[in-house]
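Chemist: Structure supplied as protein-v3.cif; contents: mmCIF, C-alpha atoms and all ligand atoms.
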data_upload
#
loop_
_atom_site.label_atom_id
_atom_site.label_comp_id
_atom_site.auth_asym_id
_atom_site.auth_seq_id
_atom_site.Cartn_x
_atom_site.Cartn_y
_atom_site.Cartn_z
CA MET I 1 37.52 -36.61 59.67
CA SER I 2 39.63 -36.60 56.51
CA PHE I 3 38.32 -35.74 53.09
CA THR I 4 39.51 -37.28 49.83
CA PRO I 5 39.45 -35.15 46.65
CA ALA I 6 36.40 -37.16 45.58
CA ASP I 7 34.63 -36.34 48.87
CA ALA I 8 35.46 -32.67 48.38
CA ALA I 9 33.93 -32.68 44.90
CA ARG I 10 30.71 -34.25 46.18
CA ILE I 11 29.96 -32.08 49.23
CA ARG I 12 26.78 -29.99 48.97
CA ILE I 13 25.11 -27.27 51.07
CA THR I 14 21.83 -28.70 52.36
CA GLY I 15 20.62 -25.92 54.65
CA VAL I 16 21.17 -22.27 55.55
CA ASP I 17 20.22 -21.02 59.01
CA ILE I 18 19.85 -17.25 59.34
CA PHE I 19 19.98 -15.85 62.89
CA VAL I 20 19.31 -12.30 64.11
CA TYR I 21 22.53 -11.74 66.07
CA ASP I 22 22.24 -8.60 68.24
CA LEU I 23 25.14 -7.65 70.50
CA PRO I 24 24.55 -4.61 72.74
CA LEU I 25 27.46 -2.24 73.40
CA GLN I 26 28.58 -1.00 76.81
CA GLN I 27 28.26 2.55 75.47
CA PRO I 28 27.48 4.06 72.02
CA PHE I 29 30.41 4.04 69.58
CA ARG I 30 30.99 7.47 68.00
CA ILE I 31 33.02 8.29 64.89
CA ALA I 32 32.96 11.27 62.52
CA ILE I 33 30.34 9.78 60.17
CA GLY I 34 27.93 8.22 62.66
CA THR I 35 27.14 6.60 66.00
CA MET I 36 26.30 2.95 66.69
CA GLY I 37 24.40 1.80 69.80
CA ALA I 38 24.64 -1.95 69.16
CA ALA I 39 26.10 -4.43 66.73
CA ASN I 40 22.97 -5.52 64.84
CA ASP I 41 24.40 -8.51 63.07
CA VAL I 42 23.23 -11.51 61.11
CA LEU I 43 24.71 -14.93 61.74
CA ILE I 44 24.79 -17.47 58.91
CA ARG I 45 25.15 -21.20 59.49
CA LEU I 46 25.65 -23.42 56.46
CA ARG I 47 24.87 -27.11 56.82
CA THR I 48 26.20 -29.76 54.45
CA ASP I 49 25.52 -33.37 53.53
CA ALA I 50 29.05 -34.19 54.72
CA GLY I 51 28.17 -33.40 58.33
CA LEU I 52 30.26 -30.21 58.37
CA THR I 53 28.76 -26.85 59.28
CA GLY I 54 30.25 -23.42 58.68
CA LEU I 55 29.62 -20.14 60.48
CA GLY I 56 29.84 -16.55 59.26
CA GLU I 57 28.85 -13.14 60.63
CA ALA I 58 27.57 -10.02 58.90
CA CYS I 59 28.15 -6.83 60.89
CA PRO I 60 26.80 -3.97 58.79
CA PHE I 61 27.90 -0.40 59.54
CA PRO I 62 25.17 1.50 57.64
CA PRO I 63 27.10 4.75 56.94
CA ILE I 64 29.93 2.70 55.40
CA THR I 65 28.55 -0.57 54.05
CA GLY I 66 25.11 0.78 53.10
CA GLU I 67 23.38 -2.21 54.67
CA THR I 68 21.23 -2.67 57.76
CA GLN I 69 20.34 -5.81 59.67
CA ALA I 70 16.92 -5.79 57.95
CA THR I 71 18.34 -5.51 54.43
CA ASN I 72 20.90 -8.18 55.27
CA ILE I 73 18.17 -10.56 56.42
CA ALA I 74 16.28 -10.03 53.15
CA ALA I 75 19.47 -10.53 51.12
CA ALA I 76 20.36 -13.62 53.17
CA GLN I 77 17.00 -15.18 52.33
CA ALA I 78 17.73 -14.60 48.63
CA LEU I 79 21.25 -16.03 48.90
CA ARG I 80 19.93 -19.07 50.77
CA GLU I 81 18.17 -20.12 47.56
CA VAL I 82 21.35 -19.46 45.58
CA VAL I 83 23.69 -21.63 47.66
CA ILE I 84 21.51 -24.64 48.52
CA GLY I 85 22.69 -27.59 46.45
CA ARG I 86 26.06 -25.92 45.68
CA ASN I 87 29.51 -27.09 46.74
CA PRO I 88 30.71 -24.81 49.58
CA LEU I 89 34.34 -25.38 48.61
CA GLU I 90 33.81 -23.72 45.20
CA ILE I 91 34.33 -20.35 46.81
CA GLU I 92 35.31 -18.29 43.78
CA SER I 93 32.31 -19.49 41.75
CA LEU I 94 30.00 -18.78 44.68
CA LEU I 95 31.33 -15.22 44.95
CA ARG I 96 30.27 -14.59 41.34
CA ARG I 97 26.83 -15.96 42.13
CA TYR I 98 26.45 -13.70 45.20
CA GLY I 99 27.43 -10.73 43.05
CA ALA I 100 24.76 -11.54 40.52
CA PHE I 101 22.03 -11.57 43.19
CA VAL I 102 23.07 -8.90 45.69
CA HIS I 103 25.30 -6.37 43.97
CA SER I 104 26.69 -4.67 47.05
CA ASN I 105 25.86 -6.20 50.40
CA PRO I 106 29.46 -6.72 51.50
CA SER I 107 28.81 -7.69 55.13
CA LEU I 108 26.25 -10.26 54.13
CA THR I 109 28.33 -11.85 51.37
CA ALA I 110 31.23 -11.86 53.86
CA ALA I 111 29.12 -13.98 56.23
CA PHE I 112 28.35 -16.56 53.53
CA ASP I 113 31.97 -16.55 52.36
CA THR I 114 33.31 -16.96 55.91
CA ALA I 115 31.00 -19.95 56.45
CA CYS I 116 32.25 -21.55 53.23
CA HIS I 117 35.87 -20.98 54.27
CA ASP I 118 35.07 -22.49 57.67
CA ILE I 119 33.89 -25.63 55.89
CA LEU I 120 36.91 -25.58 53.54
CA GLY I 121 39.34 -25.46 56.47
CA GLN I 122 37.51 -28.26 58.28
CA ALA I 123 37.54 -30.42 55.13
CA ALA I 124 41.27 -29.78 54.82
CA GLY I 125 41.86 -30.32 58.54
CA LEU I 126 43.74 -27.01 58.87
CA PRO I 127 43.20 -23.59 60.42
CA LEU I 128 42.57 -21.07 57.62
CA TYR I 129 45.82 -19.17 58.11
CA ARG I 130 47.75 -22.46 57.66
CA LEU I 131 45.71 -23.33 54.59
CA TRP I 132 46.78 -19.97 53.13
CA GLY I 133 50.45 -20.59 53.89
CA GLY I 134 50.75 -18.34 56.93
CA ASP I 135 53.03 -19.03 59.86
CA ARG I 136 52.25 -16.26 62.35
CA THR I 137 50.29 -17.60 65.30
CA ASP I 138 49.98 -14.26 67.04
CA PHE I 139 50.41 -10.56 66.34
CA GLU I 140 49.89 -7.13 67.88
CA THR I 141 46.57 -5.30 67.71
CA ASP I 142 45.72 -1.72 68.55
CA ILE I 143 42.62 -0.59 70.44
CA THR I 144 40.38 2.33 69.49
CA ALA I 145 39.42 5.43 71.44
CA ASP I 146 36.24 6.66 69.78
CA LEU I 147 35.17 10.33 69.66
CA ASP I 148 34.67 12.07 72.97
CA THR I 149 36.05 15.07 74.82
CA PRO I 150 39.87 15.28 74.90
CA SER I 151 39.98 14.53 78.65
CA ALA I 152 37.61 11.54 78.39
CA MET I 153 39.67 10.12 75.50
CA ALA I 154 42.90 10.64 77.44
CA GLU I 155 41.43 8.82 80.42
CA ARG I 156 40.49 5.93 78.19
CA ALA I 157 43.99 5.86 76.68
CA VAL I 158 45.50 5.52 80.15
CA GLY I 159 43.27 2.49 80.73
CA TYR I 160 44.39 0.94 77.43
CA VAL I 161 48.06 1.33 78.33
CA ALA I 162 47.38 -0.24 81.75
CA ALA I 163 45.65 -3.13 79.94
CA GLY I 164 48.84 -3.81 77.96
CA PHE I 165 48.19 -2.05 74.64
CA SER I 166 51.11 -0.18 73.07
CA MET I 167 49.27 1.01 69.96
CA ILE I 168 46.17 3.22 70.22
CA LYS I 169 43.91 4.35 67.40
CA ILE I 170 42.37 7.75 68.02
CA LYS I 171 39.20 8.85 66.31
CA VAL I 172 39.30 12.44 65.05
CA GLY I 173 37.56 14.39 62.29
CA GLN I 174 35.25 16.49 64.48
CA GLY I 175 36.39 20.07 65.06
CA ARG I 176 39.89 21.14 64.02
CA GLU I 177 41.00 22.53 67.37
CA ALA I 178 39.22 19.76 69.30
CA ASP I 179 41.11 17.17 67.25
CA LEU I 180 44.44 18.81 68.13
CA GLU I 181 43.38 18.89 71.78
CA ARG I 182 42.49 15.19 71.66
CA LEU I 183 45.98 14.30 70.45
CA ARG I 184 47.73 16.67 72.83
CA ALA I 185 45.79 15.28 75.82
CA ILE I 186 46.45 11.65 74.86
CA ARG I 187 50.15 12.10 74.02
CA ASP I 188 50.59 13.95 77.31
CA VAL I 189 49.25 11.09 79.41
CA VAL I 190 50.64 8.07 77.51
CA GLY I 191 54.16 9.42 76.98
CA SER I 192 56.43 8.81 73.97
CA GLY I 193 56.62 5.00 74.11
CA ILE I 194 53.06 4.34 72.92
CA ARG I 195 52.38 4.35 69.17
CA LEU I 196 49.43 6.52 68.14
CA GLN I 197 47.50 6.47 64.89
CA ILE I 198 44.50 8.58 63.93
CA ASP I 199 41.32 8.02 61.94
CA ALA I 200 39.34 10.99 60.61
CA ASN I 201 36.63 8.82 58.97
CA GLN I 202 36.24 11.30 56.07
CA GLY I 203 35.59 14.14 58.50
CA TRP I 204 37.93 16.74 56.98
CA SER I 205 38.02 18.74 53.76
CA PRO I 206 41.33 18.43 51.87
CA SER I 207 42.45 21.88 53.04
CA THR I 208 41.54 21.19 56.69
CA ALA I 209 43.31 17.83 56.47
CA LYS I 210 46.50 19.40 55.11
CA GLU I 211 46.62 22.08 57.76
CA THR I 212 45.63 19.79 60.63
CA LEU I 213 48.06 17.01 59.72
CA LYS I 214 50.93 19.53 59.57
CA ARG I 215 50.02 20.75 63.03
CA MET I 216 49.79 17.16 64.28
CA GLU I 217 53.27 16.19 63.14
CA CYS I 218 54.70 17.04 66.58
CA PHE I 219 52.56 14.32 68.21
CA ASP I 220 54.49 11.53 66.43
CA ILE I 221 51.58 9.87 64.59
CA LEU I 222 52.15 6.58 62.77
CA PHE I 223 49.53 7.22 60.07
CA CYS I 224 46.18 8.88 59.42
CA GLU I 225 43.22 6.90 58.10
CA GLN I 226 40.82 8.33 55.56
CA PRO I 227 41.17 12.08 56.15
CA VAL I 228 38.74 13.09 53.37
CA LEU I 229 35.59 11.80 51.62
CA ALA I 230 35.90 8.25 50.31
CA SER I 231 34.88 9.38 46.82
CA ASP I 232 37.49 12.18 46.65
CA ILE I 233 40.54 10.35 45.32
CA ASP I 234 42.12 13.56 43.95
CA GLY I 235 41.66 15.13 47.38
CA LEU I 236 43.23 12.11 49.09
CA ARG I 237 46.22 12.30 46.75
CA SER I 238 46.69 16.01 47.37
CA VAL I 239 46.54 15.47 51.15
CA ARG I 240 49.03 12.65 50.89
CA ARG I 241 51.45 14.90 48.96
CA ALA I 242 51.24 17.65 51.56
CA SER I 243 51.05 15.55 54.72
CA PRO I 244 54.04 14.83 56.97
CA ILE I 245 51.99 11.88 58.32
CA PRO I 246 51.50 8.83 56.06
CA ILE I 247 47.95 8.36 54.71
CA MET I 248 46.00 5.11 54.97
CA ALA I 249 42.94 4.58 52.77
CA ASP I 250 39.98 2.97 54.52
CA GLU I 251 36.48 3.88 53.32
CA ALA I 252 37.95 4.55 49.85
CA VAL I 253 38.81 0.85 49.48
CA TYR I 254 36.08 -1.78 49.55
CA GLY I 255 37.44 -4.43 47.17
CA PRO I 256 40.59 -5.13 45.15
CA ALA I 257 39.49 -2.91 42.23
CA ASP I 258 39.43 0.11 44.58
CA ALA I 259 42.88 -0.83 45.86
CA ALA I 260 44.23 -0.95 42.31
CA ARG I 261 42.61 2.42 41.50
CA LEU I 262 44.08 4.16 44.56
CA ILE I 263 47.52 2.67 44.04
CA LYS I 264 47.49 3.84 40.40
CA ALA I 265 46.45 7.31 41.58
CA GLU I 266 49.27 7.31 44.19
CA ALA I 267 46.59 8.41 46.64
CA CYS I 268 47.65 6.47 49.75
CA ASP I 269 50.62 5.01 51.60
CA SER I 270 48.74 2.00 53.00
CA ILE I 271 45.31 0.34 53.02
CA ASN I 272 42.93 -0.72 55.79
CA ILE I 273 41.33 -4.03 54.78
CA LYS I 274 38.08 -5.03 56.47
CA LEU I 275 36.00 -8.14 55.99
CA MET I 276 32.73 -6.17 56.17
CA LYS I 277 33.83 -3.81 53.36
CA ALA I 278 35.65 -6.33 51.18
CA GLY I 279 32.68 -8.69 51.09
CA SER I 280 34.70 -11.90 51.44
CA LEU I 281 37.88 -13.37 52.85
CA SER I 282 38.92 -13.93 49.24
CA ALA I 283 38.59 -10.21 48.47
CA MET I 284 40.57 -9.30 51.60
CA ARG I 285 43.41 -11.51 50.39
CA LYS I 286 43.23 -10.05 46.88
CA ILE I 287 43.56 -6.53 48.32
CA ALA I 288 46.58 -7.62 50.36
CA HIS I 289 48.19 -9.15 47.27
CA THR I 290 47.43 -6.09 45.13
CA ALA I 291 49.02 -3.85 47.76
CA GLU I 292 51.99 -6.18 48.16
CA ALA I 293 52.68 -6.04 44.43
CA ALA I 294 52.84 -2.24 44.72
CA ASN I 295 55.00 -2.44 47.87
CA LEU I 296 52.28 -1.03 50.13
CA PRO I 297 51.66 -2.27 53.67
CA CYS I 298 48.16 -2.93 54.97
CA MET I 299 46.22 -3.07 58.21
CA VAL I 300 43.37 -5.46 58.93
CA GLY I 301 40.58 -3.58 60.66
CA CYS I 302 36.98 -4.21 61.69
CA MET I 303 33.56 -2.68 62.30
CA LEU I 304 31.83 -3.77 65.53
CA GLU I 305 31.77 -7.49 64.90
CA SER I 306 32.00 -10.25 67.50
CA ARG I 307 35.03 -12.49 67.89
CA LEU I 308 33.55 -14.80 65.23
CA ALA I 309 34.13 -12.46 62.28
CA LEU I 310 37.20 -11.00 64.00
CA THR I 311 38.72 -14.48 64.05
CA ALA I 312 38.10 -14.78 60.31
CA ALA I 313 39.91 -11.48 59.73
CA ALA I 314 42.71 -12.54 62.08
CA HIS I 315 43.37 -15.60 59.89
CA VAL I 316 43.88 -13.22 56.94
CA ALA I 317 46.18 -10.97 58.97
CA ALA I 318 48.27 -13.95 60.10
CA ALA I 319 48.72 -15.22 56.55
CA HIS I 320 49.98 -12.05 54.83
CA ARG I 321 53.41 -10.57 55.44
CA ASN I 322 52.52 -7.08 54.20
CA ILE I 323 49.74 -6.80 56.78
CA LEU I 324 51.82 -4.91 59.31
CA TRP I 325 49.07 -3.68 61.62
CA ALA I 326 45.84 -4.98 63.09
CA ASP I 327 42.85 -3.17 64.54
CA LEU I 328 40.78 -6.15 65.68
CA ASP I 329 39.05 -4.80 68.76
CA GLY I 330 35.42 -4.75 67.51
CA HIS I 331 34.12 -6.98 70.30
CA SER I 332 35.89 -5.13 73.12
CA SER I 333 32.90 -2.85 73.74
CA HIS I 334 30.28 -5.63 73.60
CA LYS I 335 28.34 -6.54 76.73
CA VAL I 336 28.45 -10.23 75.81
CA ASP I 337 30.93 -12.50 74.03
CA PRO I 338 29.04 -15.60 72.87
CA VAL I 339 31.98 -16.99 70.86
CA ILE I 340 33.57 -20.27 71.90
CA GLY I 341 37.17 -20.76 70.82
CA GLY I 342 38.32 -18.28 68.20
CA MET I 343 41.07 -15.72 68.50
CA THR I 344 42.15 -14.58 71.93
CA PHE I 345 42.62 -10.87 72.56
CA SER I 346 44.82 -10.07 75.48
CA ARG I 347 47.33 -7.39 76.45
CA GLY I 348 47.48 -5.96 72.93
CA ARG I 349 47.96 -9.27 71.17
CA VAL I 350 45.74 -11.52 69.07
CA THR I 351 46.44 -15.27 69.12
CA LEU I 352 44.98 -17.55 66.45
CA PRO I 353 43.06 -20.72 67.34
CA GLU I 354 44.59 -24.00 66.15
CA GLY I 355 41.34 -25.82 65.31
CA PRO I 356 40.47 -26.52 61.66
CA GLY I 357 38.66 -23.88 59.63
CA LEU I 358 37.68 -20.78 61.54
CA GLY I 359 38.31 -22.46 64.89
CA ALA I 360 35.39 -20.54 66.42
CA SER I 361 31.76 -21.31 67.17
CA ILE I 362 28.83 -19.78 69.06
CA ASP I 363 27.75 -20.89 72.52
CA PRO I 364 24.76 -23.23 71.85
CA ALA I 365 22.78 -21.66 74.72
CA PHE I 366 23.23 -18.19 73.19
CA LEU I 367 22.29 -19.53 69.76
CA ASP I 368 19.09 -21.07 71.18
CA GLY I 369 18.04 -17.62 72.38
CA LEU I 370 18.41 -16.00 68.92
CA THR I 371 15.56 -15.44 66.49
CA ARG I 372 15.91 -17.65 63.44
CA VAL I 373 14.56 -16.35 60.11
MG MG I 401 39.01 3.71 59.57
#
Do you think you could lay out the structure here as structure tokens?

Modeler:
Amino acid sequence: MSFTPADAARIRITGVDIFVYDLPLQQPFRIAIGTMGAANDVLIRLRTDAGLTGLGEACPFPPITGETQATNIAAAQALREVVIGRNPLEIESLLRRYGAFVHSNPSLTAAFDTACHDILGQAAGLPLYRLWGGDRTDFETDITADLDTPSAMAERAVGYVAAGFSMIKIKVGQGREADLERLRAIRDVVGSGIRLQIDANQGWSPSTAKETLKRMECFDILFCEQPVLASDIDGLRSVRRASPIPIMADEAVYGPADAARLIKAEACDSINIKLMKAGSLSAMRKIAHTAEAANLPCMVGCMLESRLALTAAAHVAAAHRNILWADLDGHSSHKVDPVIGGMTFSRGRVTLPEGPGLGASIDPAFLDGLTRV
């Protein structure tokens, strides 16, 4: 199906389907600021009068995004009234409209925005990363060892190396000596050839972070994500100045304005961009551009989303040269993977789909079993 410019101007959203999209985990996921037992998501399907449909996923992580599945469902019902009758290709205008209705529901606005981008790519006949000028069809991703005892985390790391991963993200931020033990145990079993990065998820005070990072230098760590509270930009800057390990901002950066603020404060060496924090694919790209202008590299990360939203984020990663790292393993602990097509995730590499738009959909049988609101 090819769209003329006149067709593109005429297309309208005629319906919004809101699905309760629960994905149980194999085991609870533990980080310094909270534990998740399932991905309690919301799936948005936009229908249009042009016969195209778009899909998007909201995967709230309450301690970070401040949303729950229930608040997202309520916000989705409000946004449904906002978008019906609008042109899904007018993405920037729609983002302003979302902002006027739901000030900060980033996962939910991300779902609507992803669905609009899915339709945009289909109308253009191109995968999103191609539409954005990207040329990478695959890239490396890390995999995450969440908080546990040092020996349990080391055992998991061995499994990741056997599965083909050469970059492992290690959750820390819980007990200063325990954190050192976690790194010692993992570095011992994986050897020197595996790249390790750490994520404290705001779990340290600035003074603990400075001392701990100095003591961790010997473990050859690529970078440390969010050592201190997201709101403590002065603290982040002081840790960065003292740390032998580069500092990546994560929870301190939701949208592009946060990125600009942290860059101006010289508070970080790199930024972790996530769809569920940024609130849209557009905002993810604006963060990447803001960082690029300041000569900062970025990572594209995730919460616990399925391969649907991960595929959306992978398109962004593939299209931006200063996105040097990816942490797109959110689905790897899910008991089910209902996504058809989409990115593949194998032996430490993500490969983009070549279909137009997102290039991913949900198994119709799985969709039939979901509650529709
Ligand atoms: Mg992080």

Chemist: Which protein, DNA or RNA residues have an atom within 8 Å of ligand MG 401 (chain I), counting all atoms listed in the file, as a ChimeraX atom specification?

Modeler: /I:199-201,225-226,249-251,272,301

Chemist: Using 9 Å as the limit and counting all atoms listed in the file, can you tabulate each residue of region 232-321 of chain I that touches region 359-372 of chain I, with its shortest atom-to-atom distance in Å and the two atoms involved, as JSON lines?

Modeler:
{"residue": "I:Arg307", "atom": "CA", "partner": "I:Ala360", "partner_atom": "CA", "distance": 8.2}
{"residue": "I:Leu308", "atom": "CA", "partner": "I:Ala360", "partner_atom": "CA", "distance": 6.1}
{"residue": "I:Thr311", "atom": "CA", "partner": "I:Ala360", "partner_atom": "CA", "distance": 7.3}
{"residue": "I:Ala312", "atom": "CA", "partner": "I:Ala360", "partner_atom": "CA", "distance": 8.8}

Chemist: CA of Asp269 (chain I) and CA of Gly164 (chain I), how far apart in Å?

Modeler: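 Distance reported for this atom pair: 27.9 Å.
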
Chemist: Just give me the residues with any atom within 10 Å of (35.5, -3.2, 73.1), file coordinates, counting all atoms listed in the file, written as a list in words.

Modeler: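 The residues near that point, listed by chain and number, are Leu25, Gln26, Gln27, Phe29, Ile143, Thr144, Ala145, Leu304, Glu305, Ser306, Leu328, Asp329, Gly330, His331, Ser332, Ser333, His334 and Lys335 of chain I.
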
Chemist: Can you pull out every residue within 12 Å of Ala70 (chain I), counting all atoms listed in the file, but drop anything in the same chain fewer than 6 positions away, and send it as number ranges by chain?

Modeler: I: 18-22, 40-42, 58-60, 62, 76-77, 105, 108, 373

Chemist: Within 12 Å of Arg187 (chain I), counting only C-alpha atoms, which residues qualify if same-chain residues fewer than 3 places away don't, as a ChimeraX atom specification?

Modeler: /I:150-151,153-155,157-158,161,167-170,180-184,190-197,216,218-221

Chemist: Store the residues picked out above in a file with C-alpha atoms, as a PDB file, keeping the file's coordinate frame.

Modeler:
ATOM      1  CA  PRO I 150      39.870  15.280  74.900  1.00  0.00           C
ATOM      2  CA  SER I 151      39.980  14.530  78.650  1.00  0.00           C
ATOM      3  CA  MET I 153      39.670  10.120  75.500  1.00  0.00           C
ATOM      4  CA  ALA I 154      42.900  10.640  77.440  1.00  0.00           C
ATOM      5  CA  GLU I 155      41.430   8.820  80.420  1.00  0.00           C
ATOM      6  CA  ALA I 157      43.990   5.860  76.680  1.00  0.00           C
ATOM      7  CA  VAL I 158      45.500   5.520  80.150  1.00  0.00           C
ATOM      8  CA  VAL I 161      48.060   1.330  78.330  1.00  0.00           C
ATOM      9  CA  MET I 167      49.270   1.010  69.960  1.00  0.00           C
ATOM     10  CA  ILE I 168      46.170   3.220  70.220  1.00  0.00           C
ATOM     11  CA  LYS I 169      43.910   4.350  67.400  1.00  0.00           C
ATOM     12  CA  ILE I 170      42.370   7.750  68.020  1.00  0.00           C
ATOM     13  CA  LEU I 180      44.440  18.810  68.130  1.00  0.00           C
ATOM     14  CA  GLU I 181      43.380  18.890  71.780  1.00  0.00           C
ATOM     15  CA  ARG I 182      42.490  15.190  71.660  1.00  0.00           C
ATOM     16  CA  LEU I 183      45.980  14.300  70.450  1.00  0.00           C
ATOM     17  CA  ARG I 184      47.730  16.670  72.830  1.00  0.00           C
ATOM     18  CA  VAL I 190      50.640   8.070  77.510  1.00  0.00           C
ATOM     19  CA  GLY I 191      54.160   9.420  76.980  1.00  0.00           C
ATOM     20  CA  SER I 192      56.430   8.810  73.970  1.00  0.00           C
ATOM     21  CA  GLY I 193      56.620   5.000  74.110  1.00  0.00           C
ATOM     22  CA  ILE I 194      53.060   4.340  72.920  1.00  0.00           C
ATOM     23  CA  ARG I 195      52.380   4.350  69.170  1.00  0.00           C
ATOM     24  CA  LEU I 196      49.430   6.520  68.140  1.00  0.00           C
ATOM     25  CA  GLN I 197      47.500   6.470  64.890  1.00  0.00           C
ATOM     26  CA  MET I 216      49.790  17.160  64.280  1.00  0.00           C
ATOM     27  CA  CYS I 218      54.700  17.040  66.580  1.00  0.00           C
ATOM     28  CA  PHE I 219      52.560  14.320  68.210  1.00  0.00           C
ATOM     29  CA  ASP I 220      54.490  11.530  66.430  1.00  0.00           C
ATOM     30  CA  ILE I 221      51.580   9.870  64.590  1.00  0.00           C
TER      31      ILE I 221
END

Chemist: Quick one: everything within 12 Å of Leu236 (chain I), counting all atoms listed in the file, minus sequence neighbours fewer than 6 positions away in the same chain. Send it as a ChimeraX atom specification.

Modeler: /I:202,204-210,224-230,242-243,246-252,262-263,265-269

Chemist: So the first atom is CA of Val189 (chain I) and the second is CA of Gly348 (chain I); what is the distance between them in Å, to one decimal place?

Modeler: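 Taking CA of Val189 (chain I) as the start and CA of Gly348 (chain I) as the end point, the length is 18.3 Å.
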
Chemist: Do you have the CA of Pro356 (chain I)-CA of Leu126 (chain I) distance handy?

Modeler: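 These two atoms are separated by 4.3 Å.
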
Chemist: Between I:Asp17, I:Glu177, I:Glu292, I:Asp146, which residue has the minimum interatomic distance to Arg215 (chain I), considering only C-alpha atoms?

Modeler: I:Glu177

Chemist: Between I:Ser2, I:Thr48, I:Ser107, I:Thr14, which is the closest to Met276 (chain I) once you count all atoms listed in the file?

Modeler: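 Selected residue with least distance to Met276 (chain I): I:Ser107.
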
Chemist: Which residue, I:Gly203, I:Gly341, I:Ala110, I:Ala326, has the smallest gap to Ile33 (chain I) when you use all atoms listed in the file?

Modeler: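 Ranking I:Gly203, I:Gly341, I:Ala110, I:Ala326 by distance to Ile33 (chain I), first place goes to I:Gly203.
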
Chemist: Given only C-alpha atoms as the basis, pick out the residue of I:Ala115, I:Val350, I:Val82, I:Leu94 nearest to Phe165 (chain I).

Modeler: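 Looking only at the distances to Phe165 (chain I), the closest residue turns out to be I:Val350.
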
Chemist: Calculated over only C-alpha atoms, which of the candidates I:Ile186, I:Arg347, I:Arg241, I:Ser280 has the smallest distance to Ala162 (chain I)?

Modeler: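 Once distances to Ala162 (chain I) are computed over only C-alpha atoms, the minimum belongs to I:Arg347.
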
Chemist: I'd like to know which of I:Ala283, I:Leu128, I:Ala8, I:Ile245 is closest to Arg96 (chain I), using all atoms listed in the file.

Modeler: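 The shortest atom-to-atom distance to Arg96 (chain I) comes from I:Ala283.
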
Chemist: Using the atoms already present, construct all heavy atoms for region 326-330 of chain I and hand them back as a JSON list (two decimals), in the coordinates of the input.

Modeler:
[["chain", "number", "residue", "atom", "x", "y", "z"],
["I", 326, "ALA", "N", 47.18, -4.44, 62.90],
["I", 326, "ALA", "CA", 45.84, -4.98, 63.09],
["I", 326, "ALA", "C", 45.05, -4.09, 64.04],
["I", 326, "ALA", "O", 45.61, -3.54, 64.99],
["I", 326, "ALA", "CB", 45.91, -6.40, 63.66],
["I", 327, "ASP", "N", 43.78, -3.97, 63.74],
["I", 327, "ASP", "CA", 42.85, -3.17, 64.54],
["I", 327, "ASP", "C", 41.63, -4.07, 64.74],
["I", 327, "ASP", "O", 40.61, -3.88, 64.12],
["I", 327, "ASP", "CB", 42.53, -1.89, 63.75],
["I", 327, "ASP", "CG", 41.45, -1.04, 64.41],
["I", 327, "ASP", "OD1", 41.34, -1.06, 65.64],
["I", 327, "ASP", "OD2", 40.71, -0.37, 63.66],
["I", 328, "LEU", "N", 41.81, -5.10, 65.56],
["I", 328, "LEU", "CA", 40.78, -6.15, 65.68],
["I", 328, "LEU", "C", 40.17, -6.14, 67.08],
["I", 328, "LEU", "O", 40.19, -7.14, 67.80],
["I", 328, "LEU", "CB", 41.40, -7.52, 65.34],
["I", 328, "LEU", "CG", 41.80, -7.67, 63.87],
["I", 328, "LEU", "CD1", 42.48, -9.01, 63.60],
["I", 328, "LEU", "CD2", 40.60, -7.51, 62.94],
["I", 329, "ASP", "N", 39.58, -4.99, 67.41],
["I", 329, "ASP", "CA", 39.05, -4.80, 68.76],
["I", 329, "ASP", "C", 37.52, -4.65, 68.77],
["I", 329, "ASP", "O", 36.96, -4.20, 69.78],
["I", 329, "ASP", "CB", 39.69, -3.55, 69.38],
["I", 329, "ASP", "CG", 39.33, -2.28, 68.60],
["I", 329, "ASP", "OD1", 38.81, -2.40, 67.47],
["I", 329, "ASP", "OD2", 39.58, -1.18, 69.10],
["I", 330, "GLY", "N", 36.86, -5.02, 67.66],
["I", 330, "GLY", "CA", 35.42, -4.75, 67.51],
["I", 330, "GLY", "C", 34.55, -5.24, 68.65],
["I", 330, "GLY", "O", 33.55, -4.63, 69.00]]
